[in-house]
$ cat structure08.cif   # mmCIF, C-alpha atoms (C1' of nucleotides)
data_start
#
loop_
_atom_site.label_atom_id
_atom_site.label_comp_id
_atom_site.auth_asym_id
_atom_site.auth_seq_id
_atom_site.Cartn_x
_atom_site.Cartn_y
_atom_site.Cartn_z
CA MET A 43 -41.31 -7.39 8.05
CA LYS A 44 -40.37 -3.99 9.45
CA ASN A 45 -37.31 -1.99 8.56
CA LYS A 46 -34.97 -1.19 11.38
CA ASP A 47 -35.07 2.39 12.57
CA SER A 48 -32.30 4.38 10.94
CA ILE A 49 -30.37 7.18 12.52
CA LEU A 50 -31.16 9.11 9.36
CA ASP A 51 -34.83 9.24 10.32
CA HIS A 52 -34.25 11.42 13.35
CA ILE A 53 -30.99 13.31 12.94
CA SER A 54 -31.18 17.04 12.17
CA ASP A 55 -29.61 18.72 9.17
CA ASN A 56 -27.30 20.44 11.60
CA ASP A 57 -26.06 17.25 13.25
CA ILE A 58 -25.66 15.30 10.04
CA LEU A 59 -23.32 17.99 8.72
CA LYS A 60 -21.07 18.03 11.81
CA LEU A 61 -17.47 17.25 10.88
CA ASP A 62 -17.06 14.81 13.75
CA ASN A 63 -19.99 12.73 12.51
CA GLN A 64 -18.47 12.23 9.07
CA LEU A 65 -16.78 8.93 8.37
CA CYS A 66 -15.18 10.52 5.32
CA PHE A 67 -13.49 13.21 7.37
CA ALA A 68 -12.18 10.78 9.98
CA LEU A 69 -10.73 8.66 7.17
CA TYR A 70 -9.34 11.67 5.35
CA VAL A 71 -7.51 12.99 8.40
CA SER A 72 -6.28 9.59 9.57
CA SER A 73 -4.94 8.72 6.17
CA ARG A 74 -3.03 11.95 5.70
CA GLU A 75 -1.65 11.92 9.24
CA ILE A 76 -0.38 8.35 9.05
CA ILE A 77 1.24 9.01 5.66
CA LYS A 78 3.09 11.98 7.20
CA LYS A 79 4.41 9.66 9.92
CA TYR A 80 6.02 7.45 7.27
CA LYS A 81 8.09 10.20 5.70
CA PRO A 82 11.08 10.10 8.09
CA SER A 83 11.35 6.32 7.63
CA LEU A 84 10.88 6.39 3.86
CA ASP A 85 13.15 9.32 3.01
CA PRO A 86 16.36 7.36 3.72
CA LEU A 87 15.11 4.61 1.40
CA GLY A 88 14.41 7.11 -1.36
CA LEU A 89 10.75 6.11 -1.48
CA THR A 90 7.65 8.27 -1.45
CA TYR A 91 4.61 6.87 0.29
CA THR A 92 3.02 5.84 -2.99
CA GLY A 93 6.29 4.28 -4.08
CA TYR A 94 6.38 2.39 -0.77
CA ILE A 95 2.97 0.76 -1.09
CA THR A 96 3.70 -0.01 -4.72
CA MET A 97 6.84 -1.87 -3.68
CA LEU A 98 4.87 -3.70 -0.96
CA ALA A 99 2.46 -4.91 -3.63
CA LEU A 100 5.30 -5.98 -5.92
CA TRP A 101 7.18 -7.83 -3.16
CA GLU A 102 4.05 -9.91 -2.68
CA LYS A 103 3.80 -10.57 -6.41
CA ASP A 104 5.67 -9.06 -9.30
CA ASN A 105 5.67 -9.94 -12.97
CA VAL A 106 2.16 -8.51 -13.10
CA THR A 107 0.40 -6.17 -15.47
CA MET A 108 -0.05 -2.53 -14.63
CA LYS A 109 -3.77 -3.16 -14.67
CA SER A 110 -3.70 -5.81 -11.96
CA LEU A 111 -1.26 -3.75 -9.91
CA GLY A 112 -3.59 -0.79 -10.25
CA GLU A 113 -6.52 -2.87 -9.05
CA LYS A 114 -4.58 -4.03 -6.00
CA LEU A 115 -3.55 -0.47 -5.12
CA HIS A 116 -6.80 1.18 -6.27
CA LEU A 117 -4.77 3.47 -8.53
CA ASP A 118 -5.22 4.19 -12.23
CA SER A 119 -2.74 4.75 -15.05
CA GLY A 120 -2.71 8.50 -14.47
CA THR A 121 -1.02 7.88 -11.14
CA LEU A 122 0.83 4.66 -11.89
CA THR A 123 2.44 5.44 -15.25
CA PRO A 124 4.64 8.31 -13.98
CA LEU A 125 5.26 6.58 -10.64
CA LEU A 126 6.41 3.30 -12.22
CA LYS A 127 8.60 5.21 -14.66
CA LYS A 128 10.34 6.85 -11.69
CA LEU A 129 10.83 3.53 -9.90
CA GLU A 130 12.21 2.12 -13.16
CA THR A 131 14.63 5.04 -13.43
CA LYS A 132 15.77 4.27 -9.87
CA GLY A 133 16.55 0.73 -11.04
CA LEU A 134 13.97 -1.00 -8.85
CA LEU A 135 11.83 -2.49 -11.60
CA VAL A 136 11.38 -3.02 -15.32
CA ARG A 137 8.34 -2.13 -17.43
CA GLU A 138 7.86 -4.09 -20.62
CA ARG A 139 5.24 -4.98 -23.16
CA ARG A 140 5.16 -8.56 -24.41
CA SER A 141 4.24 -9.89 -27.83
CA GLU A 142 1.41 -12.07 -26.51
CA ASP A 143 -0.67 -8.94 -25.88
CA GLU A 144 0.95 -5.63 -26.66
CA ARG A 145 -1.63 -3.67 -24.68
CA ASN A 146 -0.35 -4.86 -21.30
CA VAL A 147 2.69 -3.49 -19.54
CA TYR A 148 4.32 -6.05 -17.25
CA ILE A 149 6.12 -4.90 -14.09
CA THR A 150 9.05 -7.00 -12.87
CA LEU A 151 11.36 -6.26 -9.95
CA THR A 152 15.09 -6.04 -10.58
CA LYS A 153 17.66 -7.59 -8.23
CA GLN A 154 17.96 -4.15 -6.65
CA GLY A 155 14.20 -3.96 -6.25
CA HIS A 156 14.14 -7.32 -4.44
CA GLU A 157 17.05 -6.33 -2.24
CA LEU A 158 15.34 -3.18 -1.01
CA LYS A 159 12.87 -5.39 0.84
CA LYS A 160 15.34 -6.22 3.62
CA ASP A 161 15.97 -2.57 4.44
CA THR A 162 12.29 -1.78 4.32
CA ALA A 163 11.19 -4.29 6.94
CA ILE A 164 12.12 -1.84 9.69
CA VAL A 165 9.68 0.77 8.36
CA PRO A 166 6.41 -0.70 9.65
CA ARG A 167 8.18 -1.78 12.85
CA GLN A 168 9.31 1.78 13.49
CA LEU A 169 5.81 3.07 12.87
CA ILE A 170 4.12 0.57 15.13
CA SER A 171 6.58 0.92 17.97
CA SER A 172 6.41 4.72 17.92
CA SER A 173 2.63 4.58 17.99
CA SER A 174 0.68 4.94 21.20
CA PHE A 175 -2.32 3.21 19.66
CA ASP A 176 -2.66 -0.31 21.08
CA GLU A 177 -2.17 -3.37 18.91
CA GLU A 178 -5.58 -4.79 19.63
CA SER A 179 -7.35 -1.65 18.45
CA THR A 180 -5.09 -1.47 15.42
CA ILE A 181 -6.06 -4.98 14.36
CA GLU A 182 -9.73 -4.23 15.01
CA LEU A 183 -9.44 -1.04 12.96
CA ILE A 184 -7.77 -2.80 10.03
CA LYS A 185 -10.50 -5.45 10.04
CA LEU A 186 -13.28 -2.88 10.06
CA LEU A 187 -11.60 -0.96 7.24
CA HIS A 188 -11.27 -4.09 5.10
CA ARG A 189 -14.96 -4.76 5.61
CA TYR A 190 -15.64 -1.16 4.69
CA ILE A 191 -13.52 -1.30 1.54
CA THR A 192 -15.25 -4.51 0.47
CA SER A 193 -18.64 -2.86 0.95
CA ILE A 194 -17.73 0.32 -0.90
CA ASP A 195 -16.07 -1.52 -3.80
CA LYS A 196 -19.28 -2.94 -5.18
CA MET B 1189 6.28 -6.15 35.95
CA LYS B 1190 6.47 -7.87 32.56
CA ASN B 1191 5.76 -6.22 29.25
CA LYS B 1192 2.96 -7.69 27.26
CA ASP B 1193 4.03 -9.82 24.34
CA SER B 1194 3.95 -7.79 21.17
CA ILE B 1195 3.03 -9.09 17.77
CA LEU B 1196 6.21 -7.44 16.59
CA ASP B 1197 8.29 -9.95 18.52
CA HIS B 1198 7.21 -12.89 16.40
CA ILE B 1199 6.06 -11.63 13.03
CA SER B 1200 8.35 -12.24 10.04
CA ASP B 1201 9.74 -9.54 7.76
CA ASN B 1202 7.58 -11.02 5.06
CA ASP B 1203 4.35 -10.84 7.01
CA ILE B 1204 4.94 -7.39 8.41
CA LEU B 1205 5.32 -6.02 4.87
CA LYS B 1206 2.07 -7.54 3.59
CA LEU B 1207 -0.24 -4.87 2.20
CA ASP B 1208 -3.26 -6.29 4.00
CA ASN B 1209 -1.52 -5.97 7.36
CA GLN B 1210 -0.88 -2.24 6.93
CA LEU B 1211 -3.17 0.15 8.73
CA CYS B 1212 -1.81 2.92 6.52
CA PHE B 1213 -2.89 1.17 3.32
CA ALA B 1214 -6.37 0.38 4.60
CA LEU B 1215 -6.78 4.04 5.57
CA TYR B 1216 -5.31 5.26 2.29
CA VAL B 1217 -7.66 3.16 0.15
CA SER B 1218 -10.74 3.84 2.29
CA SER B 1219 -10.15 7.55 2.27
CA ARG B 1220 -9.70 7.82 -1.48
CA GLU B 1221 -12.63 5.54 -2.23
CA ILE B 1222 -15.06 7.40 0.01
CA ILE B 1223 -13.97 10.75 -1.45
CA LYS B 1224 -14.72 9.41 -4.93
CA LYS B 1225 -18.23 8.49 -3.77
CA TYR B 1226 -18.88 12.12 -2.85
CA LYS B 1227 -18.16 13.51 -6.29
CA PRO B 1228 -21.61 12.95 -7.85
CA SER B 1229 -23.28 14.64 -4.87
CA LEU B 1230 -20.82 17.53 -4.67
CA ASP B 1231 -20.55 18.37 -8.37
CA PRO B 1232 -24.07 19.86 -8.55
CA LEU B 1233 -23.19 22.07 -5.57
CA GLY B 1234 -20.00 23.25 -7.27
CA LEU B 1235 -17.88 21.97 -4.37
CA THR B 1236 -14.75 19.84 -4.42
CA TYR B 1237 -14.28 17.42 -1.56
CA THR B 1238 -11.84 19.74 0.18
CA GLY B 1239 -14.20 22.65 -0.35
CA TYR B 1240 -16.98 20.53 1.17
CA ILE B 1241 -15.21 19.72 4.43
CA THR B 1242 -14.04 23.33 4.65
CA MET B 1243 -17.64 24.49 4.43
CA LEU B 1244 -18.67 21.89 7.04
CA ALA B 1245 -16.07 23.37 9.40
CA LEU B 1246 -17.24 26.92 8.70
CA TRP B 1247 -20.93 26.06 9.17
CA GLU B 1248 -20.02 24.88 12.65
CA LYS B 1249 -18.08 28.08 13.35
CA ASP B 1250 -17.03 30.86 11.04
CA ASN B 1251 -15.39 34.19 11.76
CA VAL B 1252 -12.25 32.20 12.55
CA THR B 1253 -8.61 32.63 11.59
CA MET B 1254 -7.08 30.57 8.83
CA LYS B 1255 -4.79 29.10 11.42
CA SER B 1256 -7.59 27.71 13.59
CA LEU B 1257 -9.47 26.49 10.52
CA GLY B 1258 -6.30 24.76 9.39
CA GLU B 1259 -5.94 23.05 12.75
CA LYS B 1260 -9.51 21.80 12.61
CA LEU B 1261 -9.05 20.42 9.09
CA HIS B 1262 -5.41 19.35 9.53
CA LEU B 1263 -4.47 21.46 6.50
CA ASP B 1264 -1.77 24.09 6.16
CA SER B 1265 -1.62 27.39 4.30
CA GLY B 1266 -0.22 25.76 1.17
CA THR B 1267 -3.54 23.97 0.73
CA LEU B 1268 -5.89 26.46 2.37
CA THR B 1269 -4.76 29.73 0.81
CA PRO B 1270 -5.64 28.80 -2.80
CA LEU B 1271 -8.75 26.87 -1.70
CA LEU B 1272 -10.17 29.74 0.37
CA LYS B 1273 -9.43 32.17 -2.44
CA LYS B 1274 -11.51 30.00 -4.76
CA LEU B 1275 -14.39 29.79 -2.28
CA GLU B 1276 -14.17 33.57 -1.89
CA THR B 1277 -14.34 34.00 -5.67
CA LYS B 1278 -17.46 31.84 -5.67
CA GLY B 1279 -18.99 34.28 -3.18
CA LEU B 1280 -19.25 31.80 -0.30
CA LEU B 1281 -16.93 33.54 2.16
CA VAL B 1282 -14.79 36.59 2.83
CA ARG B 1283 -11.09 36.66 3.78
CA GLU B 1284 -9.89 39.71 5.67
CA ARG B 1285 -7.06 40.87 7.88
CA ARG B 1286 -7.96 42.99 10.91
CA SER B 1287 -6.04 45.83 12.48
CA GLU B 1288 -5.85 44.10 15.89
CA ASP B 1289 -3.31 41.63 14.44
CA GLU B 1290 -2.47 42.01 10.80
CA ARG B 1291 -0.93 38.55 10.61
CA ASN B 1292 -4.23 36.71 10.89
CA VAL B 1293 -6.68 36.20 8.06
CA TYR B 1294 -10.26 35.87 9.27
CA ILE B 1295 -12.74 33.75 7.35
CA THR B 1296 -16.39 34.73 7.44
CA LEU B 1297 -19.28 33.16 5.54
CA THR B 1298 -21.38 35.32 3.26
CA LYS B 1299 -25.18 35.06 3.11
CA GLN B 1300 -24.68 32.83 0.08
CA GLY B 1301 -22.24 30.69 2.06
CA HIS B 1302 -24.76 30.19 4.85
CA GLU B 1303 -27.53 29.42 2.39
CA LEU B 1304 -25.58 26.62 0.76
CA LYS B 1305 -25.94 24.62 3.98
CA LYS B 1306 -29.59 23.74 3.27
CA ASP B 1307 -28.79 22.20 -0.11
CA THR B 1308 -25.82 20.34 1.30
CA ALA B 1309 -27.69 18.44 3.99
CA ILE B 1310 -28.76 15.84 1.43
CA VAL B 1311 -25.12 14.99 0.65
CA PRO B 1312 -24.27 12.86 3.70
CA ARG B 1313 -27.78 11.37 3.61
CA GLN B 1314 -27.26 10.25 0.01
CA LEU B 1315 -23.90 8.73 0.90
CA ILE B 1316 -25.17 6.86 3.94
CA SER B 1317 -28.28 5.54 2.27
CA SER B 1318 -26.39 4.31 -0.79
CA SER B 1319 -23.89 2.54 1.44
CA SER B 1320 -24.17 -1.15 2.22
CA PHE B 1321 -22.06 -0.73 5.35
CA ASP B 1322 -24.26 -0.97 8.45
CA GLU B 1323 -24.79 2.03 10.71
CA GLU B 1324 -23.51 0.30 13.80
CA SER B 1325 -20.18 -0.53 12.19
CA THR B 1326 -19.96 2.98 10.77
CA ILE B 1327 -20.32 4.50 14.22
CA GLU B 1328 -17.83 2.02 15.65
CA LEU B 1329 -15.40 2.87 12.86
CA ILE B 1330 -15.73 6.62 13.39
CA LYS B 1331 -15.10 6.17 17.12
CA LEU B 1332 -12.00 4.07 16.54
CA LEU B 1333 -10.69 6.59 14.02
CA HIS B 1334 -11.19 9.48 16.43
CA ARG B 1335 -9.24 7.56 19.06
CA TYR B 1336 -6.58 6.86 16.46
CA ILE B 1337 -6.33 10.51 15.39
CA THR B 1338 -6.03 11.59 19.02
CA SER B 1339 -3.22 9.12 19.55
CA ILE B 1340 -1.31 10.07 16.41
CA ASP B 1341 -1.68 13.82 16.99
CA LYS B 1342 0.63 13.93 19.97
"C1'" DA C 56 13.87 51.45 22.67
"C1'" DC C 57 16.08 47.84 20.31
"C1'" DT C 58 17.22 43.56 18.96
"C1'" DT C 59 15.86 38.87 18.61
"C1'" DA C 60 12.55 35.34 18.29
"C1'" DT C 61 8.10 33.85 17.06
"C1'" DT C 62 3.86 33.71 14.52
"C1'" DC C 63 1.09 33.70 10.47
"C1'" DA C 64 -0.08 33.62 5.58
"C1'" DA C 65 1.64 33.42 1.05
"C1'" DT C 66 4.57 31.38 -2.26
"C1'" DT C 67 7.30 27.81 -4.49
"C1'" DG C 68 8.34 23.29 -5.99
"C1'" DT C 69 7.54 18.31 -5.84
"C1'" DA C 70 4.46 14.60 -5.97
"C1'" DC C 71 0.44 12.74 -6.28
"C1'" DT C 72 -4.89 11.63 -7.60
"C1'" DC C 73 -8.33 11.33 -10.69
"C1'" DA C 74 -11.59 12.35 -14.63
"C1'" DA C 75 -11.52 12.55 -19.34
"C1'" DT C 76 -9.46 11.84 -23.72
"C1'" DT C 77 -6.47 9.51 -27.01
"C1'" DA C 78 -4.37 5.82 -29.51
"C1'" DA C 79 -2.98 1.29 -30.27
"C1'" DA C 80 -4.04 -3.66 -29.81
"C1'" DT C 81 -7.25 -7.18 -29.37
"C1'" DT C 82 -11.79 -9.25 -29.23
"C1'" DT C 83 -16.46 -9.57 -30.58
"C1'" DT C 84 -20.01 -9.29 -33.74
"C1'" DA C 85 -22.34 -9.02 -38.01
"C1'" DT D 639 -13.08 -11.28 -42.56
"C1'" DA D 640 -14.39 -6.45 -42.06
"C1'" DA D 641 -16.48 -3.30 -38.88
"C1'" DA D 642 -17.63 -2.20 -34.25
"C1'" DA D 643 -16.75 -2.61 -29.47
"C1'" DT D 644 -13.63 -3.29 -25.78
"C1'" DT D 645 -9.34 -3.24 -23.37
"C1'" DT D 646 -5.09 -1.19 -21.89
"C1'" DA D 647 -1.64 2.56 -21.07
"C1'" DA D 648 -0.39 7.05 -21.86
"C1'" DT D 649 -1.48 11.83 -21.76
"C1'" DT D 650 -3.66 16.08 -20.24
"C1'" DG D 651 -5.57 19.28 -17.05
"C1'" DA D 652 -7.59 20.54 -12.59
"C1'" DG D 653 -7.14 20.19 -7.80
"C1'" DT D 654 -5.04 19.03 -3.94
"C1'" DA D 655 -1.18 18.00 -0.06
"C1'" DC D 656 2.83 19.27 2.00
"C1'" DA D 657 7.77 20.62 3.02
"C1'" DA D 658 10.45 24.52 2.82
"C1'" DT D 659 11.17 29.34 2.22
"C1'" DT D 660 9.91 34.20 2.44
"C1'" DG D 661 8.27 38.40 4.36
"C1'" DA D 662 5.49 41.09 7.24
"C1'" DA D 663 3.65 41.73 11.95
"C1'" DT D 664 3.90 41.03 16.69
"C1'" DA D 665 5.87 39.46 21.05
"C1'" DA D 666 9.73 38.67 24.15
"C1'" DG D 667 14.03 39.54 26.00
"C1'" DT D 668 17.78 42.85 27.27
#
$ encode --input "structure08.cif" --output "structure tokens"
Amino acid sequence: MKNKDSILDHISDNDILKLDNQLCFALYVSSREIIKKYKPSLDPLGLTYTGYITMLALWEKDNVTMKSLGEKLHLDSGTLTPLLKKLETKGLLVRERRSEDERNVYITLTKQGHELKKDTAIVPRQLISSSSFDEESTIELIKLLHRYITSIDK
Amino acid sequence: MKNKDSILDHISDNDILKLDNQLCFALYVSSREIIKKYKPSLDPLGLTYTGYITMLALWEKDNVTMKSLGEKLHLDSGTLTPLLKKLETKGLLVRERRSEDERNVYITLTKQGHELKKDTAIVPRQLISSSSFDEESTIELIKLLHRYITSIDK
DNA sequence: ACTTATTCAATTGTACTCAATTAAATTTTA
DNA sequence: TAAAATTTAATTGAGTACAATTGAATAAGT
């Protein structure tokens, strides 16, 4: 059984180093540009981008350990500990250790944290409606990215 | 002429806030995860990820102003000034103002900067060959991302 | 020419992001 | 059960990102 021909077999050093051929660079730019677009919508809510996606995760499921939250968001304690402390200070959530296993920190939304969800629903709507990228391509792109993340995760 | 039905017309607040429906989150995770994958390849070269893409841009075209380099990389002076100073300290490039317009800082690669290109060509090859994501999808993904970046830029 | 506006890089301050280390709690193993 | 290994969060330090401000140089307007 033959291996399929790979692009790598024929591409020159010069071409393989071109910025526009790098998946990493396309992801890097896209990610930073889209995060910038969120700022005007998030500022009035008092949320940073990282705070925003953390709240999205918690609105889906709170009363979770920091570890499982970190796995969902692909963030570690170095990022999450200070971020969650800030969100706690803002009154959106509570961090607590429980006697069953004192190592874990459980994150639970407060009433205020739950209530913020209503005001936040306009955020993705604003983003999508101000975008000139068509819905079909957006859905296709999200699907491809999920497949990519699954492949890179292992 | 009727407008096409938009997903936004029917989707619930709950669904539109789901993490897995957010393009921004898929981009955010993909970008950070792929950058992490580069670290083992870049460490031996003494390059950070940002230093790496900066060198890619300069290997395509050096003797450019910081401004035009920043536009290519979507980075501003707050990020580039300290980064370029570090790359200059490492002997990879030179930063200089010219009498024709003292506002601009021109970036030029040194001999050492040019020579690093040879050793770097293995980096994207290592990444691609260690990836379980197929080439066809990768190319498709890059194309979609370029279209997306073009659309978000304006 | 002179004033005003613009451009560009540098600086400052805030907020991540992550690798590596530390310390406490729990689990596993001998 | 006592020692060793593992798990979990917190901490530390380096390196970005980026908005906002500053200051110098140049361009535009009068």
$ resolve_selection --input "structure08.cif" --expression "the PyMOL selection byres ((chain B and resi 1319-1322) around 12)" --output "JSON, numbers by chain"
{"A": [46, 48, 49, 65, 186, 187, 188, 189, 190, 191, 192, 193, 194, 195, 196], "B": [1222, 1225, 1226, 1312, 1313, 1314, 1315, 1316, 1317, 1318, 1323, 1324, 1325, 1326, 1327, 1328, 1329]}
$ write_last_selection --input "structure08.cif" --atoms "C-alpha atoms" --output "compact mmCIF listing (two decimals), in the frame of the given file"
# COMPACT_ATOMS: atom_id res chain seq x y z
CA LYS A 46 -34.97 -1.19 11.38
CA SER A 48 -32.30 4.38 10.94
CA ILE A 49 -30.37 7.18 12.52
CA LEU A 65 -16.78 8.93 8.37
CA LEU A 186 -13.28 -2.88 10.06
CA LEU A 187 -11.60 -0.96 7.24
CA HIS A 188 -11.27 -4.09 5.10
CA ARG A 189 -14.96 -4.76 5.61
CA TYR A 190 -15.64 -1.16 4.69
CA ILE A 191 -13.52 -1.30 1.54
CA THR A 192 -15.25 -4.51 0.47
CA SER A 193 -18.64 -2.86 0.95
CA ILE A 194 -17.73 0.32 -0.90
CA ASP A 195 -16.07 -1.52 -3.80
CA LYS A 196 -19.28 -2.94 -5.18
CA ILE B 1222 -15.06 7.40 0.01
CA LYS B 1225 -18.23 8.49 -3.77
CA TYR B 1226 -18.88 12.12 -2.85
CA PRO B 1312 -24.27 12.86 3.70
CA ARG B 1313 -27.78 11.37 3.61
CA GLN B 1314 -27.26 10.25 0.01
CA LEU B 1315 -23.90 8.73 0.90
CA ILE B 1316 -25.17 6.86 3.94
CA SER B 1317 -28.28 5.54 2.27
CA SER B 1318 -26.39 4.31 -0.79
CA GLU B 1323 -24.79 2.03 10.71
CA GLU B 1324 -23.51 0.30 13.80
CA SER B 1325 -20.18 -0.53 12.19
CA THR B 1326 -19.96 2.98 10.77
CA ILE B 1327 -20.32 4.50 14.22
CA GLU B 1328 -17.83 2.02 15.65
CA LEU B 1329 -15.40 2.87 12.86
$ resolve_selection --input "structure08.cif" --expression "the PyMOL selection byres ((chain B) within 8 of (chain C))" --output "count of residues only"
7
$ atom_distance --input "structure08.cif" --atom1 "atom CA of Val1282 of chain B" --atom2 "atom CA of Ile1295 of chain B"
5.7 Å
$ closest_atom_pairs --input "structure08.cif" --of "chain D" --to "chain B" --cutoff "10 Å" --atoms "only C-alpha atoms (C1' of nucleotides)" --output "CSV"
residue,atom,partner,partner_atom,distance
D:DG653,C1',B:Thr1236,CA,8.3
D:DT654,C1',B:Thr1267,CA,7.0
D:DA655,C1',B:Thr1267,CA,6.5
D:DC656,C1',B:Gly1266,CA,7.2
D:DA657,C1',B:Gly1266,CA,9.7
D:DA662,C1',B:Arg1291,CA,7.7
D:DA663,C1',B:Arg1291,CA,5.7
D:DT664,C1',B:Asp1289,CA,7.6
$ atom_distance --input "structure08.cif" --atom1 "atom CA of Ser1229 of chain B" --atom2 "atom CA of Thr1308 of chain B"
8.8 Å
$ closest_residue --input "structure08.cif" --among "A:Leu84, A:Met108, A:Val71, A:Ile53" --to "chain B" --atoms "only C-alpha atoms"
A:Val71
$ closest_residue --input "structure08.cif" --among "B:Leu1233, B:Met1243, B:Leu1281, B:Ile1330" --to "chain A" --atoms "only C-alpha atoms"
B:Ile1330
$ closest_residue --input "structure08.cif" --among "B:Lys1249, B:Lys1224, B:Lys1278, B:His1262" --to "chain A" --atoms "all atoms listed in the file"
B:His1262
$ closest_residue --input "structure08.cif" --among "A:Arg74, A:Lys81, A:Arg137, A:Lys127" --to "chain B" --atoms "all atoms listed in the file"
A:Arg74
$ atom_distance --input "structure08.cif" --atom1 "atom CA of Glu142 of chain A" --atom2 "atom C1' of DT646 of chain D"
13.5 Å
$ closest_residue --input "structure08.cif" --among "B:Leu1257, B:Ile1310, B:Thr1296, B:Ser1287" --to "chain A" --atoms "only C-alpha atoms"
B:Ile1310
$ closest_residue --input "structure08.cif" --among "A:His52, A:Ala99, A:Lys128, A:Tyr94" --to "chain B" --atoms "all atoms listed in the file"
A:Ala99
$ decode --input "structure08.cif" --residues "segment 1273-1291 of chain B" --atoms "N, CA and C atoms" --output "PDB file, in the first residue's frame"
ATOM      1  N   LYS B1273      13.652  45.035  19.623  1.00  0.00           N
ATOM      2  CA  LYS B1273      14.865  45.338  20.384  1.00  0.00           C
ATOM      3  C   LYS B1273      15.543  44.055  20.849  1.00  0.00           C
ATOM      4  N   LYS B1274      14.728  43.069  21.243  1.00  0.00           N
ATOM      5  CA  LYS B1274      15.307  41.790  21.673  1.00  0.00           C
ATOM      6  C   LYS B1274      15.971  41.067  20.506  1.00  0.00           C
ATOM      7  N   LEU B1275      15.303  41.061  19.345  1.00  0.00           N
ATOM      8  CA  LEU B1275      15.871  40.388  18.171  1.00  0.00           C
ATOM      9  C   LEU B1275      17.146  41.116  17.719  1.00  0.00           C
ATOM     10  N   GLU B1276      17.182  42.432  17.923  1.00  0.00           N
ATOM     11  CA  GLU B1276      18.382  43.191  17.592  1.00  0.00           C
ATOM     12  C   GLU B1276      19.523  42.802  18.544  1.00  0.00           C
ATOM     13  N   THR B1277      19.193  42.686  19.830  1.00  0.00           N
ATOM     14  CA  THR B1277      20.189  42.281  20.824  1.00  0.00           C
ATOM     15  C   THR B1277      20.759  40.903  20.506  1.00  0.00           C
ATOM     16  N   LYS B1278      19.904  40.027  19.957  1.00  0.00           N
ATOM     17  CA  LYS B1278      20.373  38.693  19.572  1.00  0.00           C
ATOM     18  C   LYS B1278      21.181  38.719  18.278  1.00  0.00           C
ATOM     19  N   GLY B1279      21.285  39.879  17.656  1.00  0.00           N
ATOM     20  CA  GLY B1279      22.116  40.003  16.459  1.00  0.00           C
ATOM     21  C   GLY B1279      21.427  39.598  15.173  1.00  0.00           C
ATOM     22  N   LEU B1280      20.082  39.463  15.211  1.00  0.00           N
ATOM     23  CA  LEU B1280      19.380  38.993  14.011  1.00  0.00           C
ATOM     24  C   LEU B1280      18.983  40.130  13.069  1.00  0.00           C
ATOM     25  N   LEU B1281      18.870  41.323  13.595  1.00  0.00           N
ATOM     26  CA  LEU B1281      18.435  42.447  12.751  1.00  0.00           C
ATOM     27  C   LEU B1281      18.976  43.775  13.294  1.00  0.00           C
ATOM     28  N   VAL B1282      18.799  44.801  12.493  1.00  0.00           N
ATOM     29  CA  VAL B1282      19.211  46.156  12.867  1.00  0.00           C
ATOM     30  C   VAL B1282      18.011  47.083  12.747  1.00  0.00           C
ATOM     31  N   ARG B1283      17.847  47.952  13.757  1.00  0.00           N
ATOM     32  CA  ARG B1283      16.809  48.993  13.716  1.00  0.00           C
ATOM     33  C   ARG B1283      17.491  50.342  13.518  1.00  0.00           C
ATOM     34  N   GLU B1284      17.033  51.110  12.554  1.00  0.00           N
ATOM     35  CA  GLU B1284      17.677  52.410  12.325  1.00  0.00           C
ATOM     36  C   GLU B1284      16.694  53.409  11.744  1.00  0.00           C
ATOM     37  N   ARG B1285      16.843  54.646  12.182  1.00  0.00           N
ATOM     38  CA  ARG B1285      16.108  55.752  11.574  1.00  0.00           C
ATOM     39  C   ARG B1285      16.972  56.320  10.464  1.00  0.00           C
ATOM     40  N   ARG B1286      16.311  56.868   9.413  1.00  0.00           N
ATOM     41  CA  ARG B1286      17.062  57.436   8.290  1.00  0.00           C
ATOM     42  C   ARG B1286      16.697  58.897   8.122  1.00  0.00           C
ATOM     43  N   SER B1287      17.646  59.649   7.579  1.00  0.00           N
ATOM     44  CA  SER B1287      17.476  61.102   7.528  1.00  0.00           C
ATOM     45  C   SER B1287      16.309  61.534   6.639  1.00  0.00           C
ATOM     46  N   GLU B1288      15.925  60.669   5.674  1.00  0.00           N
ATOM     47  CA  GLU B1288      14.832  61.048   4.764  1.00  0.00           C
ATOM     48  C   GLU B1288      13.521  61.272   5.515  1.00  0.00           C
ATOM     49  N   ASP B1289      13.299  60.496   6.563  1.00  0.00           N
ATOM     50  CA  ASP B1289      12.115  60.713   7.423  1.00  0.00           C
ATOM     51  C   ASP B1289      12.427  60.098   8.780  1.00  0.00           C
ATOM     52  N   GLU B1290      12.749  60.945   9.694  1.00  0.00           N
ATOM     53  CA  GLU B1290      13.254  60.493  10.997  1.00  0.00           C
ATOM     54  C   GLU B1290      12.190  59.794  11.839  1.00  0.00           C
ATOM     55  N   ARG B1291      10.945  59.842  11.393  1.00  0.00           N
ATOM     56  CA  ARG B1291       9.906  59.168  12.183  1.00  0.00           C
ATOM     57  C   ARG B1291       9.979  57.656  12.044  1.00  0.00           C
TER      58      ARG B1291
END
